[in-house]
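Below: the structure, in structure tokens.
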Amino acid sequence: MNLKYKFVLVLLAIVAMLSHSAFANEKDSSKIRTVKMSAWLGQENADKPLEFTVNEQIILSIEVATPRWFTGGTRISRIDVPNLIAKQRNPMAINSTERKNGITWSKQRWEVTLYPQTSGTFVIPPIAIQTQVSTQNVRSASRTLYTQPMTFEVRMPTGKLSEQQSWLSASDMTLTQQWETSNDELKAGDSITRTVTLNADDTLSILIPSLIPTDATHAYQVYRQPPRLSDSHERGAYKAQRTEQHTYVLQKGGNFTLPDIDVVWWNSSKKTLETVTLEGKTISVRHTLSSFVAQYQRWLAGMAVLLFMLIAGSVLLYRRVQQQGFSEGFNLLFALKNKNFSRLRLLTYRKLKMSQGKVALSTVSNNEHWQEQARQWQTGKESTSLLMQVWRKVSQKHSEDALKPRTKCSTRFTVLKNRILPPALNLPKE
């Protein structure tokens with residue numbers, strides 16, 4: 001055989017052997033180049049059943065490990081479970097290494113925070129985890145792994161709370177407020193700005209309830225700024241903040257108290273129900289002319305009507321006094337107050353003449369008791385009670401004889417006669 005051909009055959013044999021060796025090495029190394037994944041809720045390797053409370057922050061930990069190294073980012077698929085908020089708040093993984101059976105494993109631990117909104121049983125379906133690791137030939141390979149379904153129970157933290165009630169679950173919480181006024185001495189039209197900030201650990205800002213009451217009153221109007229929400233992750237701790245700012249525009253003068261703020265929260269670290277209160281503010285507001293008129297417009301209108309009626313009545317009374325003099329009742333009271341009995345007797349006889357057309361008290365009635373009262377009054381007895389009895393008697397429109405009851409027939413006859421006969425033809429009374 002030609003030497004040239006022998007050389008070619010030997011070269012091909014060497015190439016075949018090298019290829020077979022590389023394939024065998026790659027096949028053996030593929031057994032080692034694996035990616036491991038584990039996932040758990042709460043604490044790792046917990047012995048107790050998984051049981052949490054409503055609104056409590058639950059940490060879902062996902063750990064990915066490889067004997068090589070990671071060449072790309074790791075992606076966790078979306079968790080979609082009804083009444084469960086899932087959020088990957090920490091964008092960075094916790095990297096570590098572990099040597100096991102002579103092999104060094106590179107690890108990545110990812111955390112997803114969960115917040116159950118209702119009590120009951122929750123089931124998290126398998127979650128797809130996509131990662132990229134290196135190969136034996138320094139190449140990047142993509143791997144997709146799936147977690148096992150996870151089930152846990154959720155209940156209310158205490159019987160003193162309900163799911164319809166506004167409350168907060170956190171491991172720690174602080175509540176502060178600031179006041180700012182438009183002027184040092186407040187008057188109607190000025191404003192007060194109230195800023196309230198709540199900081200909480202291990203919760204979400206969207207789970208923090210509203211802080212400042214928004215009800216307006218006749219004393220002020222409330223203008224609410226949109227709340228500022230923020231979530232952060234600092235040194236392994238999850239923090240949330242909610243800031244609210246309300247501006248109170250004062251509508252009138254007086255003393256007013258802006259409401260207190262009560263925040264009910266479940267301390268998940270101490271397992272206790274607590275309440276934090278921010279005190280309101282009592283303010284004194286001076287009136288302006290427009291605010292005074294606006295506040296007391298009904299009262300001012302009523303006083304104006306009353307004053308007008310008093311003035312009109314005084315004018316009418318003055319004109320009547322000028323034309324007719326004072327009334328009988330006024331003259332009687334004035335004389336009685338001054339104990340002017342001579343004037344009282346004159347008024348009594350005048351009243352008798354006007355009411356009954358008589359001039360003598362004895363002609364009013366034949367009653368013995370009345371005759372005695374008339375005699376005492378005529379002889380000059382000064383007695384207020386006697387005056388009132390005589391005055392009532394003489395004030396009657398008819399004499400005692402005219403007030404005697406008539407028969408029904410005579411009464412009807414008199415009415416019919418007055419309707420038929422003209423006044424000039426009426427027969428005189430006997």
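In the structure tokens, the first chain shown is A, the next is B, and so on; residue numbers restart at 1 for each chain, and ligands run from 1 in the order shown.
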(message) Set the distance at 9 Å and use only C-alpha atoms: which residues neighbour Trp167 of chain A once local chain neighbours fewer than 3 positions away are removed? I'd like the list as a VMD selection string.
(response) chain A and resid 161 to 163 207 to 209 263 to 266
(request) Using only C-alpha atoms, determine which residues lie at most 12 Å from Lys270 of chain A, disregarding the query and same-chain residues fewer than 3 positions distant; provide the list as a count of residues only. (result) 10
(request) Within segment 20-163 of chain A, find each residue whose DSSP state, derived from the backbone, is alpha helix (DSSP H), and express the selection as a PyMOL selection string. (result) chain A and resi 20-32
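For Leu229 of chain A, the residues within 6 Å (counting only C-alpha atoms, excluding itself and residues fewer than 4 positions away along the chain) are Ser205, Gln241 and Arg242 of chain A.
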I need the residues from that last selection saved to file as a PDB file, in the first residue's frame (with C-alpha atoms), if you can.
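What ended up in again_38.pdb:
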ATOM      1  CA  SER A 205     -48.829  49.343  50.647  1.00  0.00           C
ATOM      2  CA  GLN A 241     -45.466  53.013  53.282  1.00  0.00           C
ATOM      3  CA  ARG A 242     -48.711  54.926  52.775  1.00  0.00           C
TER       4      ARG A 242
END
(request) Give the strand (DSSP E or B) residues of segment 63-206 of chain A, as DSSP finds them on the backbone, and put them as an NGL selection string. (result) :A and (63-66 or 70 or 75-76 or 81 or 84-87 or 94-100 or 103-116 or 120-124 or 128-134 or 140-146 or 150-155 or 168-170 or 172-181 or 187 or 191-201)
(request) Would you mind telling me which residue in A:Glu372, A:Glu51, A:Glu56, A:Glu234 lies nearest to Arg89 of chain A when using only C-alpha atoms? (result) A:Glu234
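Using only C-alpha atoms for every distance, the candidate list A:Gln57, A:Thr277, A:Asn101, A:Gln178 yields A:Gln178 as the residue closest to Thr193 of chain A.
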(message) Under the rule that only C-alpha atoms are counted, which of A:Val112, A:Ile127, A:Ala237, A:Ala216 is the nearest residue to Ala200 of chain A?
(response) A:Ala237
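Note that the spacing between atom CA of Asn90 of chain A and atom CA of Gly120 of chain A amounts to 27.2 Å.
Separating atom CA of Gly73 of chain A from atom CA of Val123 of chain A is a distance of 27.1 Å.
Take the candidates A:Ile192, A:Ile62, A:Leu211, A:Leu204 and check each one against Thr247 of chain A using only C-alpha atoms; the shortest distance goes to A:Ile192.
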(message) Set the distance at 12 Å and use only C-alpha atoms: which residues neighbour segment 332-336 of chain A once local chain neighbours fewer than 2 positions away are removed? I'd like the list as a VMD selection string.
(response) chain A and resid 326 to 330 338 to 348 350 to 351 382 to 385 387 to 388 391
Let's have the selection written as a compact mmCIF listing (two decimals), in the first residue's frame, with N, CA and C atoms.
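As written to disk, selection.txt reads:
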# COMPACT_ATOMS: atom_id res chain seq x y z
N PHE A 326 -105.67 105.91 73.93
CA PHE A 326 -105.31 104.56 74.36
C PHE A 326 -106.57 103.70 74.49
N SER A 327 -106.39 102.42 74.38
CA SER A 327 -107.51 101.49 74.48
C SER A 327 -108.02 101.42 75.91
N GLU A 328 -109.23 100.86 76.05
CA GLU A 328 -109.83 100.72 77.37
C GLU A 328 -108.98 99.86 78.28
N GLY A 329 -108.48 98.76 77.73
CA GLY A 329 -107.67 97.87 78.56
C GLY A 329 -106.41 98.55 79.05
N PHE A 330 -105.76 99.35 78.19
CA PHE A 330 -104.55 100.05 78.59
C PHE A 330 -104.86 101.08 79.67
N ASN A 338 -101.58 102.62 89.10
CA ASN A 338 -101.39 103.82 89.91
C ASN A 338 -102.41 103.94 91.05
N LYS A 339 -103.31 102.92 91.15
CA LYS A 339 -104.35 102.91 92.20
C LYS A 339 -105.19 104.19 92.16
N ASN A 340 -105.50 104.62 90.94
CA ASN A 340 -106.34 105.80 90.73
C ASN A 340 -107.79 105.33 90.61
N PHE A 341 -108.48 105.16 91.79
CA PHE A 341 -109.82 104.59 91.80
C PHE A 341 -110.85 105.55 91.24
N SER A 342 -110.62 106.85 91.34
CA SER A 342 -111.57 107.78 90.72
C SER A 342 -111.57 107.61 89.21
N ARG A 343 -110.36 107.41 88.65
CA ARG A 343 -110.26 107.15 87.22
C ARG A 343 -110.88 105.80 86.87
N LEU A 344 -110.74 104.82 87.74
CA LEU A 344 -111.32 103.51 87.51
C LEU A 344 -112.84 103.57 87.50
N ARG A 345 -113.43 104.39 88.39
CA ARG A 345 -114.89 104.51 88.41
C ARG A 345 -115.38 105.18 87.13
N LEU A 346 -114.64 106.17 86.66
CA LEU A 346 -115.02 106.83 85.41
C LEU A 346 -114.98 105.86 84.25
N LEU A 347 -113.93 105.03 84.17
CA LEU A 347 -113.81 104.05 83.10
C LEU A 347 -114.92 103.01 83.20
N THR A 348 -115.33 102.66 84.44
CA THR A 348 -116.39 101.66 84.62
C THR A 348 -117.71 102.17 84.08
N ARG A 350 -118.12 104.50 81.87
CA ARG A 350 -118.01 104.65 80.41
C ARG A 350 -118.20 103.30 79.74
N LYS A 351 -117.65 102.26 80.33
CA LYS A 351 -117.80 100.92 79.76
C LYS A 351 -119.24 100.47 79.82
N GLU A 382 -112.47 101.00 97.77
CA GLU A 382 -111.30 100.80 96.91
C GLU A 382 -110.81 99.36 97.06
N SER A 383 -111.18 98.52 96.11
CA SER A 383 -110.81 97.10 96.13
C SER A 383 -110.57 96.64 94.70
N THR A 384 -109.40 96.03 94.49
CA THR A 384 -109.06 95.55 93.14
C THR A 384 -109.96 94.40 92.72
N SER A 385 -110.25 93.47 93.66
CA SER A 385 -111.12 92.34 93.33
C SER A 385 -112.54 92.81 93.01
N LEU A 387 -113.32 95.74 91.80
CA LEU A 387 -113.25 96.38 90.49
C LEU A 387 -113.35 95.37 89.37
N MET A 388 -112.61 94.25 89.49
CA MET A 388 -112.62 93.26 88.42
C MET A 388 -113.98 92.62 88.27
N TRP A 391 -116.20 95.22 86.59
CA TRP A 391 -115.79 95.42 85.20
C TRP A 391 -116.28 94.29 84.30
(request) Name the residues in contact with Ala188 of chain A at a cut-off of 6 Å, using only C-alpha atoms, excluding same-chain residues fewer than 5 positions from it; report them as a ChimeraX atom specification. (result) /A:250-253,287
